[in-house]
Amino acid sequence: MAPPSEVRVRFAPSPTGSLHIGGVRTALFNWLYARRSGGTFVLRIEDTDQERSTEESTRGIFEALRWLGLDWDEGPDKGGPYGPYTQTERLALYRQYADRLVEEGKAYRCYATKEELDKLRRLAEAKKQQFVYPHLWRDKTPADWPEGKPYVIRFKTPLTGETTFHDEVFGDITTPNDSPSIQDFILLRSDGIPLYNFGAVIDDVMMKITLVARGRDHIGNTTPQVLLYRALGAPLPKFAHLPMMLAPDGKKLSKREGRKYNIPITVTDFVDDLGTLAGYRELGYSPDALLNYLARFGWSHGDQEVFSRRELVEFFDLVGLNKSDGKFDAKKCLAVNHDHLKSEALTPTDDQQGQPHYPGGERRGYLTHLRPHLEARGLSPTRFDGLEGREEHRRLLRAGLATVRERARTFAEAAQMLDYYLREEPEFDDKARALLKPEAAPLLRAFRGVAAGVEPFAAKPLEEATNAWLAAEGKNIKDVAQPARAALTGRVASPPLFDVMAALGRERALARLDAGAALAAGAGAGAGG
RNA sequence: GUCCCCGUCGUCUAGUGGCCCAGGACGCUGCUCUCUCACAGCAGAAACGCGGGUUCAAAUCCCGCCGGGGACGCCA
């Protein structure tokens, strides 16, 4: 049993789709709080909305959290002392507590049907009045209960007074008990499935949660929940409501808004009839960078912008949380990612500071994250199909990566930039092809000749030899650089020419210049297509 | 409509009565570097929503207004 002082927090998503970026932020703050304090991070699946919950979504949430490196100590797949951790497996528990509250006169059976209430709701709406739940069944006794009819269990909200709770970020929040928004709220639906406010409270009580940190949109749920804790005689956890992350127009950051503003909104690709909405993982974001951006949204630690995973755990505290909602800035998120990619260790063992290691001793580095993006382009990171083999491939990958690192803002971009290093022949784009005109052929051949004589085949000597040749010929580097770049990379933009050549190596670079020259020479003649 | 909450550059934020004619970051503009694309460096434009108080002194405290958001379901 956990000592009462131990910190226990939870992340309780509904498995109704791909893990949302806002959910990640909530999970992150909870995770940080737990890790910071040496507490326990519980993952609970709230699948009581049977219409929308799917098994697949649950698996997706696991997968996304694992990719993010947000590990949980107790959860549906791991178990723990207060399981089960999936709400639909706890139905008997909720029933038990609900019945107990009814027996104690703190809740009651309500036989009013949904249709009946909807009618009243519409009537109130028509009169432009606030719908107030009529206490139809509040004061009835078991003797009044109709036989065999479906009923819900409602909470007996106090009719007078007010309820105050302390929020770690917003301070004291007081709501009048007669506020229509909390009137005799439903605990258990007629099918026996608990509603959010009830299920969450029962679970949080039973799982001994000490801090509930969630989105600010839940602030209004807190008052009825506090009332429930009291009715149950359970100790109140701390509450911390996080300011919300909104779309650029201040609307809720929905998938719709994500599409509208081209903002990735889920961790992994999300597919529906409207097509694919790319996820952060597939777009080539670093989990650490994403977490960094998300952490800094609504939270700050002085002027520091870039945090490693370790620093986040070290510095996080509730005091740094802000109150006001914010708007998601995709450009800044990308910039933070770029920052992380520039400094991320190539392999875990290369990291002198021993920093971004993941939970559970998992080791990841730049290469680990890059790999799937290379594979997505048909480039294996460990094999070089039909070519010299593994060693040469590894050399090219490393050498190429060195030229590309500071440029790539995402792992996907890095893979894209690495493409011509890892293919036997570069794939030419239209602009590059256009540079390989017949006039360029002699120039490329001459340049090839110069390069062939350079020893060692490194950037500096290559540049010096080239400059000497250009000076003797009365030519400018600009005359040769673009055609050569096109021949070597198949593109019109790349890292500096001599760096590219050195990374490719003598043999490969010379071969590409030859091929480029041949292509250029033939470009005028075969003008058919 | 009712209840609750929020309000510093375009965006994320620092700021807890004097250090602020408001600092950092992203973005933006210009310059430097330059074989292309980037990176980097330098410079610049850019905010305390408005009006009243309190105080020797207010971005910071109080009140009002305005603006924004959330909740008000047998959704979570």
# chains A, B, ... in the order shown; residues from 1 in each chain; ligands from 1
call {"tool": "select_by_dssp", "arguments": {"residues": "segment 106-350 of chain A", "states": "helix (DSSP H, G or I)", "output": "PyMOL selection string"}}
result
chain A and resi 114-126+142-144+180-182+196-206+216-232+255-261+280-283+287-296+309-315+318-320+330-343+348-350
call {"tool": "residues_around", "arguments": {"residues": "Tyr108 of chain A", "least_positions_apart": "5", "cutoff": "6 Å", "atoms": "only C-alpha atoms (C1' of nucleotides)", "output": "NGL selection string"}}
result
:A and (102 or 153-154)
call {"tool": "write_last_selection", "arguments": {"atoms": "N, CA and C atoms", "output": "compact mmCIF listing (two decimals), in the first residue's frame"}}
result
# COMPACT_ATOMS: atom_id res chain seq x y z
N VAL A 102 -27.25 6.03 -2.70
CA VAL A 102 -28.72 6.06 -2.66
C VAL A 102 -29.20 5.65 -1.26
N ILE A 153 -29.29 7.14 -11.80
CA ILE A 153 -29.05 7.58 -10.43
C ILE A 153 -28.48 8.99 -10.45
N ARG A 154 -29.19 9.85 -9.75
CA ARG A 154 -28.77 11.25 -9.70
C ARG A 154 -28.23 11.60 -8.33
call {"tool": "residues_around", "arguments": {"residues": "U34 of chain B", "least_positions_apart": "2", "cutoff": "10 Å", "atoms": "only C-alpha atoms (C1' of nucleotides)", "output": "compact mmCIF listing (two decimals) with N, CA and C atoms (P, O5', C5', C4', C3', O3' and C1' of nucleotides), in the first residue's frame"}}
result
# COMPACT_ATOMS: atom_id res chain seq x y z
N PRO A 496 27.24 22.74 -48.99
CA PRO A 496 28.33 23.23 -49.84
C PRO A 496 28.93 22.12 -50.71
P U B 32 25.44 43.18 -46.96
O5' U B 32 26.21 42.40 -45.81
C5' U B 32 27.23 43.07 -45.05
C4' U B 32 27.85 42.09 -44.07
C3' U B 32 28.36 40.80 -44.70
O3' U B 32 29.66 40.97 -45.24
C1' U B 32 27.11 40.30 -42.75
P U B 36 25.74 31.38 -53.67
O5' U B 36 24.48 30.43 -53.78
C5' U B 36 23.74 30.36 -55.00
C4' U B 36 22.81 29.16 -54.92
C3' U B 36 21.99 29.08 -53.65
O3' U B 36 20.82 29.86 -53.75
C1' U B 36 22.97 26.99 -54.09
call {"tool": "interface_residues", "arguments": {"of": "chain A", "to": "chain B", "cutoff": "6 Å", "atoms": "only C-alpha atoms (C1' of nucleotides)", "output": "VMD selection string"}}
result
chain A and resid 179 181 189 217 220 303 324 332 407 477 to 478 481 493 to 494
call {"tool": "atom_distance", "arguments": {"atom1": "atom CA of Phe62 of chain A", "atom2": "atom CA of Phe316 of chain A"}}
result
23.7 Å
call {"tool": "residues_around", "arguments": {"residues": "G64 of chain B", "least_positions_apart": "3", "cutoff": "12 Å", "atoms": "only C-alpha atoms (C1' of nucleotides)", "output": "list in words"}}
result
C50, G51, G52 and G53 of chain B
call {"tool": "write_last_selection", "arguments": {"atoms": "N, CA and C atoms (P, O5', C5', C4', C3', O3' and C1' of nucleotides)", "output": "PDB file, in the first residue's frame"}}
result
ATOM      1  P     C B  50      -4.771  50.124 -23.022  1.00  0.00           P
ATOM      2  O5'   C B  50      -6.245  50.700 -22.830  1.00  0.00           O
ATOM      3  C5'   C B  50      -6.955  51.263 -23.927  1.00  0.00           C
ATOM      4  C4'   C B  50      -8.314  51.708 -23.456  1.00  0.00           C
ATOM      5  C3'   C B  50      -8.299  52.596 -22.221  1.00  0.00           C
ATOM      6  O3'   C B  50      -8.071  53.945 -22.547  1.00  0.00           O
ATOM      7  C1'   C B  50      -9.903  50.885 -21.943  1.00  0.00           C
ATOM      8  P     G B  51      -7.388  54.893 -21.463  1.00  0.00           P
ATOM      9  O5'   G B  51      -8.538  55.047 -20.377  1.00  0.00           O
ATOM     10  C5'   G B  51      -9.733  55.732 -20.724  1.00  0.00           C
ATOM     11  C4'   G B  51     -10.679  55.700 -19.563  1.00  0.00           C
ATOM     12  C3'   G B  51     -10.074  56.121 -18.237  1.00  0.00           C
ATOM     13  O3'   G B  51      -9.970  57.530 -18.130  1.00  0.00           O
ATOM     14  C1'   G B  51     -11.390  54.191 -17.920  1.00  0.00           C
ATOM     15  P     G B  52      -9.177  58.143 -16.895  1.00  0.00           P
ATOM     16  O5'   G B  52     -10.297  58.137 -15.794  1.00  0.00           O
ATOM     17  C5'   G B  52      -9.954  58.337 -14.454  1.00  0.00           C
ATOM     18  C4'   G B  52     -10.932  57.625 -13.557  1.00  0.00           C
ATOM     19  C3'   G B  52     -10.379  57.387 -12.168  1.00  0.00           C
ATOM     20  O3'   G B  52     -10.528  58.554 -11.373  1.00  0.00           O
ATOM     21  C1'   G B  52     -11.250  55.368 -12.977  1.00  0.00           C
ATOM     22  P     G B  53      -9.196  59.307 -10.934  1.00  0.00           P
ATOM     23  O5'   G B  53      -8.413  58.121 -10.227  1.00  0.00           O
ATOM     24  C5'   G B  53      -8.105  58.203  -8.870  1.00  0.00           C
ATOM     25  C4'   G B  53      -8.975  57.272  -8.049  1.00  0.00           C
ATOM     26  C3'   G B  53      -8.227  56.699  -6.869  1.00  0.00           C
ATOM     27  O3'   G B  53      -8.491  57.489  -5.717  1.00  0.00           O
ATOM     28  C1'   G B  53      -9.015  54.917  -8.235  1.00  0.00           C
TER      29        G B  53
END
call {"tool": "residues_around", "arguments": {"residues": "Val152 of chain A", "least_positions_apart": "3", "cutoff": "7 Å", "atoms": "only C-alpha atoms (C1' of nucleotides)", "output": "list in words"}}
result
Arg109, Cys110, Tyr111, Ile186, Leu188, Arg189 and Ser190 of chain A
